[in-house]
Structure formats: C-alpha cells, structure tokens
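Chemist: To be precise about what I am sending: the file is called structure.txt and holds compact mmCIF, C-alpha atoms.
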# COMPACT_ATOMS: atom_id res chain seq x y z
CA MET A 1 12.68 2.54 5.11
CA PHE A 2 9.53 0.40 5.13
CA ASP A 3 7.44 0.30 1.94
CA VAL A 4 3.84 -0.81 2.56
CA HIS A 5 2.52 -0.52 -1.00
CA CYS A 6 4.49 -2.21 -3.77
CA HIS A 7 3.49 -4.42 -6.71
CA LEU A 8 6.39 -6.85 -6.58
CA LEU A 9 4.88 -10.29 -7.12
CA PRO A 10 5.03 -11.68 -10.68
CA GLY A 11 2.02 -12.49 -12.81
CA LEU A 12 -0.76 -11.27 -10.52
CA ASP A 13 -1.63 -7.78 -11.78
CA ASP A 14 -0.06 -4.86 -13.67
CA GLY A 15 3.24 -5.30 -11.86
CA PRO A 16 6.09 -7.61 -12.92
CA GLU A 17 5.26 -10.43 -15.31
CA THR A 18 8.18 -12.71 -14.45
CA PRO A 19 10.26 -13.56 -11.37
CA GLU A 20 13.26 -11.97 -13.09
CA GLN A 21 11.39 -8.65 -13.38
CA SER A 22 10.36 -8.97 -9.73
CA LEU A 23 13.97 -9.45 -8.69
CA ALA A 24 15.01 -6.38 -10.69
CA LEU A 25 12.33 -4.36 -8.92
CA LEU A 26 13.46 -5.71 -5.56
CA ARG A 27 17.06 -4.72 -6.29
CA ALA A 28 15.90 -1.22 -7.26
CA ALA A 29 13.99 -0.95 -3.99
CA MET A 30 17.07 -1.93 -1.98
CA LEU A 31 19.17 0.62 -3.85
CA ASP A 32 16.57 3.25 -2.96
CA GLY A 33 17.08 2.53 0.74
CA ILE A 34 14.00 0.36 1.25
CA THR A 35 14.80 -2.43 3.70
CA HIS A 36 11.36 -3.97 4.32
CA ILE A 37 8.40 -4.39 1.95
CA ILE A 38 4.75 -5.34 2.23
CA VAL A 39 3.84 -6.54 -1.25
CA THR A 40 0.31 -5.48 -2.21
CA PRO A 41 -1.03 -7.00 -5.45
CA HIS A 42 -4.41 -5.80 -6.63
CA ILE A 43 -7.62 -7.54 -5.63
CA HIS A 44 -10.14 -6.19 -8.12
CA LEU A 45 -13.09 -8.45 -8.82
CA GLY A 46 -13.62 -8.96 -12.52
CA ARG A 47 -10.08 -7.87 -13.35
CA TRP A 48 -7.53 -9.33 -10.91
CA GLU A 49 -9.19 -12.19 -9.07
CA ASN A 50 -6.63 -12.56 -6.30
CA ASP A 51 -7.08 -13.66 -2.70
CA ILE A 52 -4.92 -14.81 0.20
CA ALA A 53 -4.26 -18.19 -1.40
CA SER A 54 -3.19 -16.92 -4.83
CA ILE A 55 -1.02 -14.19 -3.33
CA GLY A 56 0.68 -16.66 -1.00
CA LYS A 57 1.42 -19.04 -3.87
CA ALA A 58 2.88 -16.22 -5.97
CA PHE A 59 5.16 -15.28 -3.12
CA GLN A 60 6.35 -18.86 -2.77
CA ARG A 61 7.19 -18.90 -6.49
CA LEU A 62 9.19 -15.71 -6.10
CA ALA A 63 10.91 -16.98 -2.96
CA ARG A 64 12.47 -19.83 -4.92
CA HIS A 65 14.26 -17.23 -7.07
CA LEU A 66 15.56 -15.07 -4.24
CA PRO A 67 19.36 -15.25 -4.15
CA ARG A 68 19.39 -14.82 -0.38
CA GLN A 69 16.80 -16.55 1.79
CA LYS A 70 17.46 -13.89 4.43
CA MET A 71 15.44 -11.50 2.27
CA LEU A 72 12.34 -13.49 3.21
CA GLN A 73 12.58 -11.91 6.65
CA ARG A 74 12.10 -8.49 5.07
CA ILE A 75 9.09 -9.15 2.85
CA THR A 76 5.51 -9.92 3.80
CA ILE A 77 2.20 -9.87 1.99
CA ALA A 78 -1.04 -7.90 1.94
CA ALA A 79 -3.15 -6.53 -0.95
CA GLU A 80 -4.53 -3.39 -2.53
CA VAL A 81 -8.28 -4.03 -2.56
CA ARG A 82 -10.66 -2.20 -4.90
CA LEU A 83 -13.44 -0.56 -2.90
CA ASP A 84 -16.86 -1.69 -4.10
CA ALA A 85 -19.87 -3.49 -2.66
CA GLU A 86 -18.84 -6.86 -4.15
CA MET A 87 -15.62 -6.75 -2.15
CA LEU A 88 -17.37 -6.64 1.23
CA PRO A 89 -18.19 -10.37 1.49
CA LEU A 90 -14.51 -11.18 0.86
CA VAL A 91 -13.55 -8.97 3.78
CA ALA A 92 -16.25 -10.49 6.00
CA ALA A 93 -14.89 -13.96 5.15
CA ARG A 94 -11.33 -12.78 5.85
CA ARG A 95 -10.25 -13.78 2.35
CA VAL A 96 -8.22 -10.61 1.86
CA PRO A 97 -4.86 -10.02 3.57
CA PHE A 98 -4.50 -6.95 5.75
CA LEU A 99 -1.51 -4.62 5.98
CA GLY A 100 -1.24 -4.99 9.74
CA ARG A 101 -2.93 -3.61 12.83
CA MET A 102 -3.35 -0.09 14.16
CA ASP A 103 -5.43 1.26 17.05
CA GLY A 104 -6.98 -2.16 17.61
CA TYR A 105 -8.15 -2.54 13.99
CA ASP A 106 -7.03 -4.64 11.03
CA VAL A 107 -5.77 -2.15 8.42
CA LEU A 108 -6.97 -2.72 4.86
CA LEU A 109 -5.36 -0.92 1.92
CA LEU A 110 -8.28 0.26 -0.21
CA GLU A 111 -8.15 1.62 -3.74
CA MET A 112 -11.02 3.83 -4.89
CA PRO A 113 -11.85 4.04 -8.61
CA HIS A 114 -9.35 6.42 -10.19
CA GLY A 115 -11.93 8.77 -11.69
CA ARG A 116 -14.50 9.16 -8.95
CA ILE A 117 -15.70 8.50 -5.43
CA LEU A 118 -18.44 5.90 -5.60
CA PRO A 119 -21.89 6.73 -4.25
CA GLY A 120 -22.24 4.97 -0.91
CA THR A 121 -18.51 5.08 -0.15
CA GLU A 122 -19.04 6.47 3.35
CA LYS A 123 -21.57 3.71 4.10
CA MET A 124 -19.09 1.02 2.99
CA LEU A 125 -16.33 2.58 5.09
CA ARG A 126 -18.59 2.53 8.15
CA TRP A 127 -19.48 -1.10 7.42
CA LEU A 128 -15.79 -1.99 7.49
CA LYS A 129 -15.07 -0.15 10.72
CA GLN A 130 -18.02 -1.81 12.43
CA ARG A 131 -16.34 -5.13 11.65
CA GLY A 132 -12.96 -4.17 13.02
CA VAL A 133 -11.40 -3.09 9.72
CA LEU A 134 -9.72 0.32 9.43
CA PRO A 135 -9.57 1.58 5.83
CA MET A 136 -6.33 3.05 4.54
CA ILE A 137 -7.08 4.85 1.29
CA ALA A 138 -4.40 4.25 -1.35
CA HIS A 139 -3.08 7.30 -3.25
CA PRO A 140 -6.06 9.66 -2.73
CA GLU A 141 -3.93 12.46 -4.22
CA ARG A 142 -4.32 10.78 -7.62
CA ASN A 143 -8.09 10.32 -7.56
CA ARG A 144 -9.54 12.58 -10.25
CA ALA A 145 -12.58 13.57 -8.19
CA ILE A 146 -10.29 14.75 -5.38
CA LEU A 147 -7.92 16.45 -7.83
CA LYS A 148 -10.86 18.39 -9.21
CA GLN A 149 -12.34 19.17 -5.79
CA PRO A 150 -9.89 18.56 -2.91
CA SER A 151 -12.60 19.34 -0.34
CA ARG A 152 -14.10 15.93 -1.16
CA LEU A 153 -11.28 14.41 0.84
CA GLN A 154 -12.93 15.69 4.01
CA SER A 155 -15.69 13.08 3.96
CA LEU A 156 -13.01 10.36 4.08
CA VAL A 157 -11.26 12.17 6.93
CA ASP A 158 -14.57 12.37 8.80
CA GLU A 159 -14.99 8.59 8.46
CA GLY A 160 -11.66 8.11 10.23
CA CYS A 161 -9.74 6.75 7.24
CA LEU A 162 -5.98 6.45 7.13
CA PHE A 163 -4.21 7.71 4.02
CA GLN A 164 -1.29 6.34 1.99
CA VAL A 165 0.20 8.91 -0.36
CA THR A 166 2.55 7.94 -3.19
CA ALA A 167 6.08 9.19 -2.63
CA GLY A 168 6.41 10.14 -6.30
CA ALA A 169 3.42 12.45 -6.06
CA LEU A 170 5.30 14.68 -3.65
CA VAL A 171 8.04 15.22 -6.24
CA GLY A 172 5.79 15.81 -9.24
CA GLN A 173 5.88 12.35 -10.80
CA PHE A 174 2.10 12.37 -11.32
CA GLY A 175 1.68 15.97 -12.34
CA GLU A 176 1.45 19.37 -10.73
CA ARG A 177 -2.08 18.97 -9.39
CA ALA A 178 -1.34 15.66 -7.65
CA GLU A 179 1.77 17.23 -6.14
CA GLN A 180 -0.30 20.13 -4.80
CA VAL A 181 -2.87 17.83 -3.20
CA ALA A 182 -0.12 15.64 -1.70
CA ARG A 183 1.61 18.69 -0.23
CA GLN A 184 -1.67 19.99 1.18
CA MET A 185 -2.30 16.65 2.84
CA LEU A 186 1.22 16.64 4.23
CA GLU A 187 0.87 20.15 5.64
CA ARG A 188 -2.50 19.24 7.19
CA ASP A 189 -0.91 16.15 8.78
CA LEU A 190 -3.34 13.85 6.97
CA ILE A 191 -0.81 11.41 5.54
CA THR A 192 -0.43 8.22 7.55
CA VAL A 193 2.36 6.69 5.43
CA LEU A 194 4.27 7.35 2.25
CA ALA A 195 4.80 4.37 -0.05
CA SER A 196 6.33 3.73 -3.45
CA ASP A 197 3.42 2.00 -5.23
CA ALA A 198 6.20 0.70 -7.47
CA HIS A 199 5.18 -1.45 -10.45
CA ASN A 200 8.35 -1.75 -12.54
CA THR A 201 11.85 -0.36 -13.01
CA ARG A 202 10.96 1.81 -16.01
CA ASN A 203 8.20 4.33 -15.41
CA ARG A 204 7.04 3.24 -11.94
CA PRO A 205 10.24 2.51 -10.01
CA PRO A 206 10.57 2.58 -6.23
CA ASN A 207 11.45 6.14 -5.22
CA LEU A 208 10.46 6.29 -1.58
CA SER A 209 13.67 8.15 -0.75
CA ALA A 210 12.70 11.09 -2.97
CA GLY A 211 9.36 11.41 -1.22
CA TYR A 212 11.02 11.17 2.17
CA HIS A 213 13.49 13.94 1.38
CA ARG A 214 10.73 16.20 0.05
CA ALA A 215 8.64 15.56 3.16
CA LYS A 216 11.66 16.25 5.35
CA ALA A 217 12.20 19.59 3.62
CA LEU A 218 8.54 20.55 4.07
CA VAL A 219 7.68 19.32 7.58
CA GLY A 220 10.96 18.30 9.20
CA GLU A 221 12.83 15.07 9.81
CA GLN A 222 10.75 13.80 12.73
CA LYS A 223 7.44 13.88 10.85
CA ALA A 224 9.05 12.57 7.66
CA ARG A 225 10.45 9.55 9.53
CA GLN A 226 6.99 8.74 10.84
CA LEU A 227 5.82 8.41 7.24
CA VAL A 228 8.50 6.01 5.99
CA TYR A 229 9.75 4.32 9.13
CA THR A 230 7.79 4.54 12.39
CA ARG A 231 4.22 3.93 11.21
CA PRO A 232 4.98 1.56 8.31
CA ARG A 233 7.29 -0.42 10.57
CA ALA A 234 4.44 -0.88 13.05
CA LEU A 235 2.25 -2.17 10.22
CA PHE A 236 4.96 -4.52 8.96
CA GLU A 237 5.63 -5.99 12.40
CA SER A 238 1.91 -6.50 13.12
CA ASN A 239 1.23 -8.04 9.69
CA GLN A 240 -0.45 -11.41 10.22
CA PHE A 241 1.74 -13.29 7.76
CA PHE A 242 4.94 -11.83 9.17
CA GLN A 243 3.87 -12.82 12.67
CA LEU A 244 2.71 -16.31 11.71
CA ALA A 245 6.00 -17.05 10.04
CA GLN A 246 8.08 -15.36 12.74
CA GLY A 247 10.03 -13.47 10.13
CA SER A 248 9.71 -15.86 7.19
CA LEU A 249 6.81 -16.06 4.79
CA SER A 250 7.71 -19.61 3.85
CA LEU A 251 5.28 -20.81 6.53
CA ALA A 252 2.55 -18.29 5.84
CA ALA A 253 1.65 -18.90 2.24
CA GLY A 254 -0.25 -22.14 2.72
Would it be possible to restate this file's structure as structure tokens?

Modeler:
Amino acid sequence: MFDVHCHLLPGLDDGPETPEQSLALLRAAMLDGITHIIVTPHIHLGRWENDIASIGKAFQRLARHLPRQKMLQRITIAAEVRLDAEMLPLVAARRVPFLGRMDGYDVLLLEMPHGRILPGTEKMLRWLKQRGVLPMIAHPERNRAILKQPSRLQSLVDEGCLFQVTAGALVGQFGERAEQVARQMLERDLITVLASDAHNTRNRPPNLSAGYHRAKALVGEQKARQLVYTRPRALFESNQFFQLAQGSLSLAAG
C-alpha cells in the first residue's frame, strides 16, 4: 500500500521528536503493509514554519539513520499545508512541496482549520486551481463544521477538490460521527485516497490496512484498491522529489 499522508520526519511538527521515534513509526508502517510513503509534515505559518528546504534537510537527517539505504527508494516528501490567505504567496513562489500530479495539476495536500471552514475558502480554492494547483483536502471527515453539517462538504466538491480520508476514521478511531461521515463519503465515491495520517506508535499509529479492509467490505476490492494503491501510487510516482532523485531522495533535498 501507498501512504500519502504521514508525519514521519523528526522534529518538524507534532510527529516524532527524534530519529529513533521516526524509525519506530516507519517499522510500524511496514508491519501494517505500507510499502511506500509520502511524508507530509505540517506547514502552518505561525506554528510550524516549514518549507521545502527545512523538510528536505529533516529527511536527510533521518536518512542517515535508516538501516537500509534501499528504503530511500520508497519514501518521498511533500507537506500538509494549512489553508489560509497567508499561505497563498508560498504556493505562488513554489516554496511548498506537492504530493504529485493528477489531471494535469500539481496536487497540494491542504488542511482546513479543525473547527470550521474559513470564510473565503471557495475563493482561495479557485485561486489555487487557476494557478495549476489542485487542492486535496486532508481529513474532511474530522472537520467539526462538516461533522455538524455534512452538507457543507458539497461546496468543496463543487470546487473540484480531491479528498483524503483518514483510514482510522472508517473504523471508528475518531468517533462515531467521523466514521459516519467517512462512510457516507465512501458510499458517494468522494474519497480520492485513504491515508494513515500517522503521528506516532502510541495513539496515532499507521493503520492503513484496517481502513482498506473496511472499505473493501463496504464497496468491494476494486474500489478499495484504488484508495490505497492505484491513486496514491500515481501520486507517489509523479512526486517531484521522487522523480528528481530517480528513486532516491538523497539528491532531492538540496
């Protein structure tokens, strides 16, 4: 399976603090059946001031601790970018790393504020698409405004957004309401990819396999494989850092 949302890099956000914790999380991902990972540390201005350069350097630090250099061929980098007006100049300057490409667009993993949908969100989404950037909304099933009123998701659908749903939400990890919204999205064929959004090995471990098996039971194997293999693989293989390094990020982080 291909995991396109995972907080694996040490010392950048609320994921692992040390390379040792990162390696433990990586081992847990492999045991879960995840073979390829796009690491996506937060870019949240005023909180986690990351960009392409800092993310690349953090990956290089982790790479020195990897027991097998071959694993470098299975990891590449992107980011989970907080959606707000201050973020837009960073995107225009191409200072944020994209997940990959889809339908002729660069795909950007966007995180909305957890408790609401910002006024002007649709305008910002249109601004991105006009500049060749296709928004993929991270874990909409956990946004409190959508949990309270699922119909609010429709405005994001109308803007042509892609959607990444957390695998754990499909199995109740984030509560009954989030599970209901995730299942509704699955049944409406609105989910582009499932991902782990793993942060640690304790309360936020990688459990992409559980989400895959639940999706398989609900919509069948073919559609479930699209969510954890076909579509995320296409993103991984079109990721700019993966392509630049021809399978090794050691060349891409500078």

Chemist: Scan for residues within 10 Å of the point (-3.3, 21.7, -6.3) in the coordinates of the file, using only C-alpha atoms, and reply as a list of chain:residue names.

Modeler: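 Protein, DNA and RNA residues close to (-3.3, 21.7, -6.3): A:Glu141, A:Ile146, A:Leu147, A:Lys148, A:Gln149, A:Pro150, A:Gly175, A:Glu176, A:Arg177, A:Ala178, A:Glu179, A:Gln180, A:Val181, A:Ala182, A:Arg183, A:Gln184.
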
Chemist: Sorted by chain and rising residue number, list the residues of range 96-125 of chain A at most 10 Å from range 2-18 of chain A (counting only C-alpha atoms), each with its closest atom pair and distance in Å to one decimal, as JSON lines.

Modeler:
{"residue": "A:Leu99", "atom": "CA", "partner": "A:Val4", "partner_atom": "CA", "distance": 7.4}
{"residue": "A:Gly100", "atom": "CA", "partner": "A:Val4", "partner_atom": "CA", "distance": 9.7}
{"residue": "A:Leu109", "atom": "CA", "partner": "A:His5", "partner_atom": "CA", "distance": 8.4}

Chemist: Compare A:Val228, A:His139, A:Phe174, A:Gln73 by their minimum atom-to-atom distance to Asn203 in chain A, counting only C-alpha atoms, and give me the closest one.

Modeler: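 Selected residue with least distance to Asn203 in chain A: A:Phe174.
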
Chemist: Which distance in Å separates CA of Asn50 in chain A and CA of Ala79 in chain A, to one decimal?

Modeler: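 Between CA of Asn50 in chain A and CA of Ala79 in chain A the gap is 8.8 Å.
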
Chemist: Which distance in Å separates CA of Arg225 in chain A and CA of Arg74 in chain A, to one decimal?

Modeler: 18.7 Å

Chemist: What does the distance from CA of Glu86 in chain A to CA of Met124 in chain A come to in Å, to one decimal?

Modeler: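 So the two atoms, CA of Glu86 in chain A and CA of Met124 in chain A, lie 10.6 Å apart.
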
Chemist: Neighbouring residues of Trp127 in chain A were defined as those with any atom within 12 Å, considering only C-alpha atoms; residues of the same chain fewer than 4 positions away were excluded. Please report them as a ChimeraX atom specification.

Modeler: /A:83-85,87-89,91-92,120-123,131-135,159

Chemist: With a distance cut-off of 7 Å and all atoms listed in the file, select the neighbouring residues of His44 in chain A, excluding the residue or stretch itself and same-chain residues fewer than 5 positions from it, and output the selection as number ranges by chain.

Modeler: A: 49, 81-82

Chemist: Taking only C-alpha atoms into account, which of A:Tyr212, A:Phe241, A:Phe59, A:Phe163 comes nearest Thr192 in chain A?

Modeler: A:Phe163

Chemist: Need to verify the contact set: Ser209 in chain A, 8 Å, only C-alpha atoms, exclusion of same-chain residues closer than 6 positions in sequence. Can you return it as a short mmCIF file (atom, residue, chain, number, x, y, z; two decimals) with C-alpha atoms, in the coordinates of the input?

Modeler:
data_model
loop_
_atom_site.label_atom_id
_atom_site.label_comp_id
_atom_site.auth_asym_id
_atom_site.auth_seq_id
_atom_site.Cartn_x
_atom_site.Cartn_y
_atom_site.Cartn_z
CA ASP A 32 16.57 3.25 -2.96
CA GLY A 33 17.08 2.53 0.74
CA ALA A 167 6.08 9.19 -2.63
#

Chemist: May I ask which of the residues A:Leu156, A:Met71, A:Ala210, A:Ile55 is the closest one to Leu118 in chain A, counting all atoms listed in the file?

Modeler: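 Nearest to Leu118 in chain A: A:Leu156.
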
Chemist: Just checking: using all atoms listed in the file, which residue out of A:Pro19, A:Pro232, A:Gly104, A:Gly211 ends up closest to His36 in chain A?

Modeler: A:Pro232

Chemist: Pick from A:Leu190, A:Leu218, A:Ala78, A:Leu208: nearest to Gln240 in chain A, with only C-alpha atoms counted?

Modeler: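 Counting only C-alpha atoms, the residue closest to Gln240 in chain A is A:Ala78.
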